[in-house]
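Q: The structure under discussion is supplied below as C-alpha cells; questions concerning it will follow.
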Amino acid sequence: MSSIREVPDSLKGTEPPYDLLVVGGGINGCGIARDAAGRGARVLLVEQDDLASHTSSASTKLIHGGLRYLEYYEFRLVREALIERERLLKIAPHIIWPMRFVLPHSKMLRPAWLLRTGLFLYDHLCTNMTLPKTRAIDFKKDATGKPLQNQYVRGFEYSDGWVQDSRLVVLNAMDAAQRGAEIYTHTRLTGAKRGPDMWEATIENLSDNSTRVVKARAIVNAAGPWVASLLHDTLHIPSRNNVRLVKGSHIVVPKLFEGSQAYILQNPDKRIVFAIPYEGKFTLIGTTDVPWDQDAGHVEIAPDEIDYLCESVNRYFDKAVRPSDVVWTYAGVRPLYDDNSGNASAVTRDYVLDVDASAAPILSVFGGKITTFRKLAEHAIEKLAPHLSVLKKPEWTADVALPGGDFERSAFQRQVSKLQDFAPHLSSHTAWRLMRNYGTRALQIATRESGDMGENFGADLSRREVDYLLDHEWARTAHDILWRRSKLGLFVSQDDAERLQNYIDHRHTDAHHAVMQDVA
C-alpha cells in the first residue's frame, strides 16, 4: 500500500499535483485527510512509521470533555469536546462506547461543593447530551464502593466515553482512502521547495530508501511531536508557535475491581489518575504528566512514574498495587501547544492552527486532543479553503459513520448476534471482539465454516483476520497487529507472536515474488 517508486528526472513533475500533502499519520493528520478527501480534494498522506504509532496510540483512551479542564476555565474547549463526544459515539459505535466514572470524595482535597458544581457544568455545557447525568453515591450502599477503602463514604458518578484510540486513527485513514486519498506509511517527507502557489516535495520510502518527488498545492503539517522541527529544520519556515512536549505514561495490572465503571482519583498534587477496566482481565491506570525534552520517538515509562501511579490507586483501593504487578506499560509524548504555563498539568489541551500563506500555503497543527480531532479537521479545512477552492464545500463528517460504524449505538449486541448467526462457530467472546474492532466489517473477516478462518495465532487471532489487517489496514508487523490494531499482545505467547511474524514475512516474500514475475 505504501511502496514508492524512484521517479526518473525526465518524468518528474508530469504527475498531476495533489491538493494536500498531509504529513503525519496520527489522529489529526488522518482526520484532516478524511475530511479533505470527502470534499473532493486530491490528498496524499505520509507517515514515517505505522499509523498511530506514537501519541495517538498512547492516550488514556477516553472520549471526554476533560472535567479537570474546568479548573483552568477552559469552558470553550470542554464544551466543544462534550459536543464532539456525542458525535463520535454516533459515527463510531463499535470502537467508542459510554462509560461511567466514579469520583470518590476526599476531605483532604477538593471540597464536595466544588466537585458538584463542576459536574453540574459538565452535564449542561452540552445541550444535546444523551448519556446519563451525574448522581451522588453513598459508598456504604452502592456496589461501586466495594473496592474502595472505608474512609471513602461518598462520591459522584458521571458519564464519559471510551475509545480504541489507534483504531480510530486507522478507520479515519481507511475512510480517507476509500474517498480517494493515498496513504503511505513508513514514508518520510525529506524536503520541499516552495513556490508561489505550489510545493515540490521529496518523500522517501524508509523500507527501501526509494524516493518520489510530488507536487502539492498545500501542505498540512500534522507531525505531532515533530511539528516544530518539520517547520524549522526540514522546511526552514519560521513560526511564532511552538509545542510543549509532555510525557504521559500508563500501567496495566490484573483486574482491580468488578464492574464496567471506571474510577477517577484525585491526588495531593491536584492531578487526577484514572483506573479503567481494560480488555476484560486488566485495569489500566494513568496518566502522568512529565516534561519531556528527549527523542519523541523513543519514550518509556520511568520507575518513579510506576511508583506514582501505584501510590495513586493505593490511596483509594483496598487491593494494593505494587510495581511487580504491572504486566504492561506504555508511554507517549503529548505535543501540547506551548502557552507558557508553569507546570505540565496546566498546559492547555486546546489547539492552534497556524497558516503561513506567504507563498504556497502550509498549515501546522499545534496541540489538540483525540476527542476534538474531527472538529480540529473542520477548522483546518476552513482555514485552507480560501487558498484551495476544492475545499469550499459543505462540512460532512459530523454525521457520516466511520468504516464499520453504520449501526445505532443501542444495536451493538444485535450486531454481535447477527455475526454469530452468520458464523456460528465463533465463540461469544470472539464475536464480541470482532464487532468491537471492526463493526459491520467483521462480516468481511468471519466465514461460515470454522476451517476457512485459517491458522490460529493464539488468542483467537485467525489468519483470515491477519490477512484483512495486512490488506486493508496498513499493518506490516506482528507488533502492529498485536498492540495497535488490537491489544491481543496481552494474551498471546512469545512463540505465537514469532509465528505470526514469520507468517507475515513469508506473505510479504510471496507478494514480492509475484510482483517480480509480473514485471518479468
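Chain identifiers are assigned as A, B, and so on, following the order in which chains appear in the C-alpha cells; residues are numbered from 1 within each chain, and ligands are numbered from 1 in order of appearance.
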From the DSSP assignment of the backbone, select every residue of stretch 45-244 of chain A that is helix (DSSP H, G or I), and format the answer as an NGL selection string.
A: :A and (55-57 or 67-72 or 75-91 or 112-124 or 143-145 or 165-178 or 224-234)
Q: Residues at most 9 Å from stretch 329-336 of chain A, counting only C-alpha atoms, excluding those fewer than 6 positions away in the same chain, as a VMD selection string?
A: chain A and resid 54 to 59 224 to 227 242 to 252 287 292 296 to 301 306 347 to 351 366 to 369
Q: To test your reading of the structure, identify every residue in stretch 178-292 of chain A that backbone DSSP assigns to strand (DSSP E), and report it as number ranges by chain.
A: A: 182-184, 187-194, 199-205, 211-221, 243-254, 262-266, 272-278, 282-286, 290-291
Q: Considering only C-alpha atoms, state which residue in the set A:Glu86, A:Asp452, A:Glu15, A:Asp269 is at the smallest distance from A:Leu109.
A: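 The answer is A:Asp269, which sits nearest to A:Leu109.
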Q: Could you state the separation of atom CA of A:Val290 and atom CA of A:Thr117 in Å, given to one decimal place?
A: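 A separation of 28.9 Å between them.
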Q: Quick one: residues within 10 Å of A:Pro132, only C-alpha atoms, excluding same-chain residues fewer than 3 positions away - as a list in words?
A: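 In the requested form, the answer reads Pro98, Met99, Arg100, Asp123, Met129, Arg135, Glu157, Tyr158, Ser159 and Asp160 of chain A.
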Q: Here is a test: counting only C-alpha atoms, which residue of A:Arg167, A:Lys215, A:Arg87, A:Lys487 is nearest to A:Pro17?
A: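 Smallest distance to A:Pro17 is found for A:Lys215.
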Q: Compare A:Leu230, A:Val220, A:Ile264, A:Val313 by their minimum atom-to-atom distance to A:Asp19, counting only C-alpha atoms, and give me the closest one.
A: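 Among the listed residues, A:Val220 lies closest to A:Asp19.
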Q: Go ahead and compute the interatomic distance for atom CA of A:Phe257 and atom CA of A:Leu284, in Å to one decimal.
A: 11.4 Å
Q: Set the distance at 8 Å and use only C-alpha atoms: which residues neighbour stretch 201-209 of chain A once local chain neighbours fewer than 4 positions away are removed? I'd like the list as a list in words.
A: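 Result of the neighbour search: Ser2, Ser3, Ile4, Gln48, His186, Thr187, Arg188, Leu189, Thr190, Gly191, Ala192, Lys193, Val213, Val214, Lys215 and Ala216 of chain A.
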Q: Between A:Ser53, A:Gln151, A:Lys393, A:Gln294, which one has atoms that come closest to A:His479, using only C-alpha atoms?
A: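 Between A:Ser53, A:Gln151, A:Lys393, A:Gln294, the residue approaching A:His479 most closely is A:Ser53.
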Q: What does the distance from atom CA of A:Ala143 to atom CA of A:Ala262 come to in Å, to one decimal?
A: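 For atom CA of A:Ala143 relative to atom CA of A:Ala262, the distance reads 12.7 Å.
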Q: I'd like the neighbourhood of A:Pro147 as an NGL selection string, where a residue qualifies if any of its atoms comes within 12 Å (using only C-alpha atoms), though same-chain residues fewer than 2 positions away should be ignored.
A: :A and (102 or 104 or 139-140 or 142-145 or 149-153 or 255-259 or 261-263 or 275 or 313-320)
Q: For the residues in that selection, give me N, CA and C atoms as a PDB file, in the first residue's frame.
A:
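File written: again-v7.pdb
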ATOM      1  N   VAL A 102     -16.531   6.914  38.422  1.00  0.00           N
ATOM      2  CA  VAL A 102     -16.797   7.122  39.843  1.00  0.00           C
ATOM      3  C   VAL A 102     -15.705   8.010  40.424  1.00  0.00           C
ATOM      4  N   PRO A 104     -14.498   9.331  43.881  1.00  0.00           N
ATOM      5  CA  PRO A 104     -14.581   9.352  45.349  1.00  0.00           C
ATOM      6  C   PRO A 104     -14.215  10.727  45.885  1.00  0.00           C
ATOM      7  N   PHE A 139     -21.184   5.225  49.258  1.00  0.00           N
ATOM      8  CA  PHE A 139     -20.388   4.026  49.018  1.00  0.00           C
ATOM      9  C   PHE A 139     -20.709   2.881  49.980  1.00  0.00           C
ATOM     10  N   LYS A 140     -21.356   3.184  51.088  1.00  0.00           N
ATOM     11  CA  LYS A 140     -21.746   2.121  52.006  1.00  0.00           C
ATOM     12  C   LYS A 140     -22.920   1.308  51.457  1.00  0.00           C
ATOM     13  N   ASP A 142     -23.732   1.496  47.789  1.00  0.00           N
ATOM     14  CA  ASP A 142     -23.590   1.280  46.351  1.00  0.00           C
ATOM     15  C   ASP A 142     -22.444   0.313  46.067  1.00  0.00           C
ATOM     16  N   ALA A 143     -22.630  -0.561  45.086  1.00  0.00           N
ATOM     17  CA  ALA A 143     -21.625  -1.576  44.754  1.00  0.00           C
ATOM     18  C   ALA A 143     -20.314  -0.966  44.296  1.00  0.00           C
ATOM     19  N   THR A 144     -20.359   0.258  43.759  1.00  0.00           N
ATOM     20  CA  THR A 144     -19.122   0.874  43.298  1.00  0.00           C
ATOM     21  C   THR A 144     -18.175   1.205  44.444  1.00  0.00           C
ATOM     22  N   GLY A 145     -18.690   1.206  45.681  1.00  0.00           N
ATOM     23  CA  GLY A 145     -17.835   1.483  46.833  1.00  0.00           C
ATOM     24  C   GLY A 145     -17.116   0.261  47.356  1.00  0.00           C
ATOM     25  N   GLN A 149     -11.407   1.882  49.968  1.00  0.00           N
ATOM     26  CA  GLN A 149     -11.118   1.869  51.395  1.00  0.00           C
ATOM     27  C   GLN A 149     -12.275   2.491  52.168  1.00  0.00           C
ATOM     28  N   ASN A 150     -12.418   2.118  53.418  1.00  0.00           N
ATOM     29  CA  ASN A 150     -13.570   2.531  54.234  1.00  0.00           C
ATOM     30  C   ASN A 150     -13.648   4.038  54.449  1.00  0.00           C
ATOM     31  N   GLN A 151     -12.516   4.730  54.353  1.00  0.00           N
ATOM     32  CA  GLN A 151     -12.531   6.175  54.599  1.00  0.00           C
ATOM     33  C   GLN A 151     -13.319   6.945  53.531  1.00  0.00           C
ATOM     34  N   TYR A 152     -13.561   6.316  52.373  1.00  0.00           N
ATOM     35  CA  TYR A 152     -14.323   6.978  51.312  1.00  0.00           C
ATOM     36  C   TYR A 152     -15.779   6.548  51.435  1.00  0.00           C
ATOM     37  N   VAL A 153     -16.613   7.491  51.877  1.00  0.00           N
ATOM     38  CA  VAL A 153     -18.003   7.154  52.178  1.00  0.00           C
ATOM     39  C   VAL A 153     -18.984   7.739  51.157  1.00  0.00           C
ATOM     40  N   LYS A 255      -6.907  -7.237  36.965  1.00  0.00           N
ATOM     41  CA  LYS A 255      -8.144  -6.527  37.296  1.00  0.00           C
ATOM     42  C   LYS A 255      -8.247  -6.215  38.785  1.00  0.00           C
ATOM     43  N   LEU A 256      -8.493  -4.923  39.091  1.00  0.00           N
ATOM     44  CA  LEU A 256      -8.563  -4.453  40.474  1.00  0.00           C
ATOM     45  C   LEU A 256      -9.972  -4.512  41.046  1.00  0.00           C
ATOM     46  N   PHE A 257     -10.986  -4.488  40.180  1.00  0.00           N
ATOM     47  CA  PHE A 257     -12.357  -4.393  40.683  1.00  0.00           C
ATOM     48  C   PHE A 257     -13.315  -4.978  39.650  1.00  0.00           C
ATOM     49  N   GLU A 258     -14.491  -5.360  40.119  1.00  0.00           N
ATOM     50  CA  GLU A 258     -15.542  -5.868  39.238  1.00  0.00           C
ATOM     51  C   GLU A 258     -16.399  -4.704  38.744  1.00  0.00           C
ATOM     52  N   GLY A 259     -17.081  -4.943  37.642  1.00  0.00           N
ATOM     53  CA  GLY A 259     -17.984  -3.927  37.110  1.00  0.00           C
ATOM     54  C   GLY A 259     -17.404  -3.219  35.903  1.00  0.00           C
ATOM     55  N   GLN A 261     -17.596   0.107  35.468  1.00  0.00           N
ATOM     56  CA  GLN A 261     -17.285   1.502  35.785  1.00  0.00           C
ATOM     57  C   GLN A 261     -15.783   1.729  35.894  1.00  0.00           C
ATOM     58  N   ALA A 262     -15.389   2.969  35.649  1.00  0.00           N
ATOM     59  CA  ALA A 262     -14.007   3.397  35.871  1.00  0.00           C
ATOM     60  C   ALA A 262     -13.978   4.307  37.095  1.00  0.00           C
ATOM     61  N   TYR A 263     -12.774   4.597  37.582  1.00  0.00           N
ATOM     62  CA  TYR A 263     -12.611   5.479  38.752  1.00  0.00           C
ATOM     63  C   TYR A 263     -11.681   6.628  38.373  1.00  0.00           C
ATOM     64  N   ALA A 275      -8.464   4.853  36.788  1.00  0.00           N
ATOM     65  CA  ALA A 275      -8.360   3.393  36.864  1.00  0.00           C
ATOM     66  C   ALA A 275      -9.536   2.852  36.054  1.00  0.00           C
ATOM     67  N   VAL A 313      -3.387   4.804  43.130  1.00  0.00           N
ATOM     68  CA  VAL A 313      -4.507   3.871  43.326  1.00  0.00           C
ATOM     69  C   VAL A 313      -4.503   3.310  44.746  1.00  0.00           C
ATOM     70  N   ASN A 314      -3.336   3.212  45.353  1.00  0.00           N
ATOM     71  CA  ASN A 314      -3.270   2.652  46.707  1.00  0.00           C
ATOM     72  C   ASN A 314      -3.857   3.592  47.761  1.00  0.00           C
ATOM     73  N   ARG A 315      -4.033   4.859  47.416  1.00  0.00           N
ATOM     74  CA  ARG A 315      -4.715   5.778  48.336  1.00  0.00           C
ATOM     75  C   ARG A 315      -6.203   5.474  48.420  1.00  0.00           C
ATOM     76  N   TYR A 316      -6.714   4.781  47.419  1.00  0.00           N
ATOM     77  CA  TYR A 316      -8.165   4.623  47.313  1.00  0.00           C
ATOM     78  C   TYR A 316      -8.651   3.180  47.426  1.00  0.00           C
ATOM     79  N   PHE A 317      -7.927   2.230  46.850  1.00  0.00           N
ATOM     80  CA  PHE A 317      -8.424   0.862  46.770  1.00  0.00           C
ATOM     81  C   PHE A 317      -7.922  -0.002  47.921  1.00  0.00           C
ATOM     82  N   ASP A 318      -8.767  -0.935  48.334  1.00  0.00           N
ATOM     83  CA  ASP A 318      -8.355  -1.911  49.348  1.00  0.00           C
ATOM     84  C   ASP A 318      -7.230  -2.794  48.836  1.00  0.00           C
ATOM     85  N   LYS A 319      -7.341  -3.185  47.599  1.00  0.00           N
ATOM     86  CA  LYS A 319      -6.359  -4.080  46.994  1.00  0.00           C
ATOM     87  C   LYS A 319      -5.160  -3.267  46.528  1.00  0.00           C
ATOM     88  N   ALA A 320      -4.022  -3.483  47.156  1.00  0.00           N
ATOM     89  CA  ALA A 320      -2.837  -2.683  46.840  1.00  0.00           C
ATOM     90  C   ALA A 320      -2.200  -3.134  45.518  1.00  0.00           C
TER      91      ALA A 320
END
Q: Which residue out of A:Ala52, A:Glu182, A:Asp356, A:Thr397 has the minimum interatomic distance to A:Lys383 when only C-alpha atoms are used?
A: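 Comparing A:Ala52, A:Glu182, A:Asp356, A:Thr397 against A:Lys383, the winner is A:Asp356.
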Q: Using only C-alpha atoms, can you tell me which of A:Lys107, A:Lys141, A:Arg212, A:Arg271 comes closest to A:Tyr69?
A: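 The answer is A:Arg271, which sits nearest to A:Tyr69.
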Q: What's the 7 Å shell around A:Gly25, counting only C-alpha atoms, without same-chain residues fewer than 4 positions away, as a PyMOL selection string?
A: chain A and resi 29-30+46-47+51-52
Q: Give me a file of those residues, with N, CA, C and O atoms, as a compact mmCIF listing (two decimals), in the first residue's frame.
A:
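Result written to part_10.txt:
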# COMPACT_ATOMS: atom_id res chain seq x y z
N GLY A 29 -3.78 14.15 11.51
CA GLY A 29 -3.48 14.02 10.08
C GLY A 29 -4.50 13.18 9.34
O GLY A 29 -4.97 13.55 8.26
N CYS A 30 -4.88 12.04 9.92
CA CYS A 30 -5.85 11.17 9.26
C CYS A 30 -7.24 11.80 9.24
O CYS A 30 -7.99 11.63 8.27
N VAL A 46 1.53 11.06 4.27
CA VAL A 46 2.73 10.28 4.55
C VAL A 46 2.95 10.22 6.05
O VAL A 46 2.76 11.20 6.77
N GLU A 47 3.34 9.03 6.52
CA GLU A 47 3.63 8.80 7.94
C GLU A 47 4.95 8.04 8.03
O GLU A 47 5.13 7.01 7.36
N LEU A 51 0.70 3.88 11.23
CA LEU A 51 -0.37 4.77 11.65
C LEU A 51 -0.53 4.70 13.16
O LEU A 51 -0.46 3.61 13.75
N ALA A 52 -0.73 5.83 13.79
CA ALA A 52 -0.96 5.91 15.25
C ALA A 52 0.17 5.29 16.06
O ALA A 52 -0.05 4.78 17.15
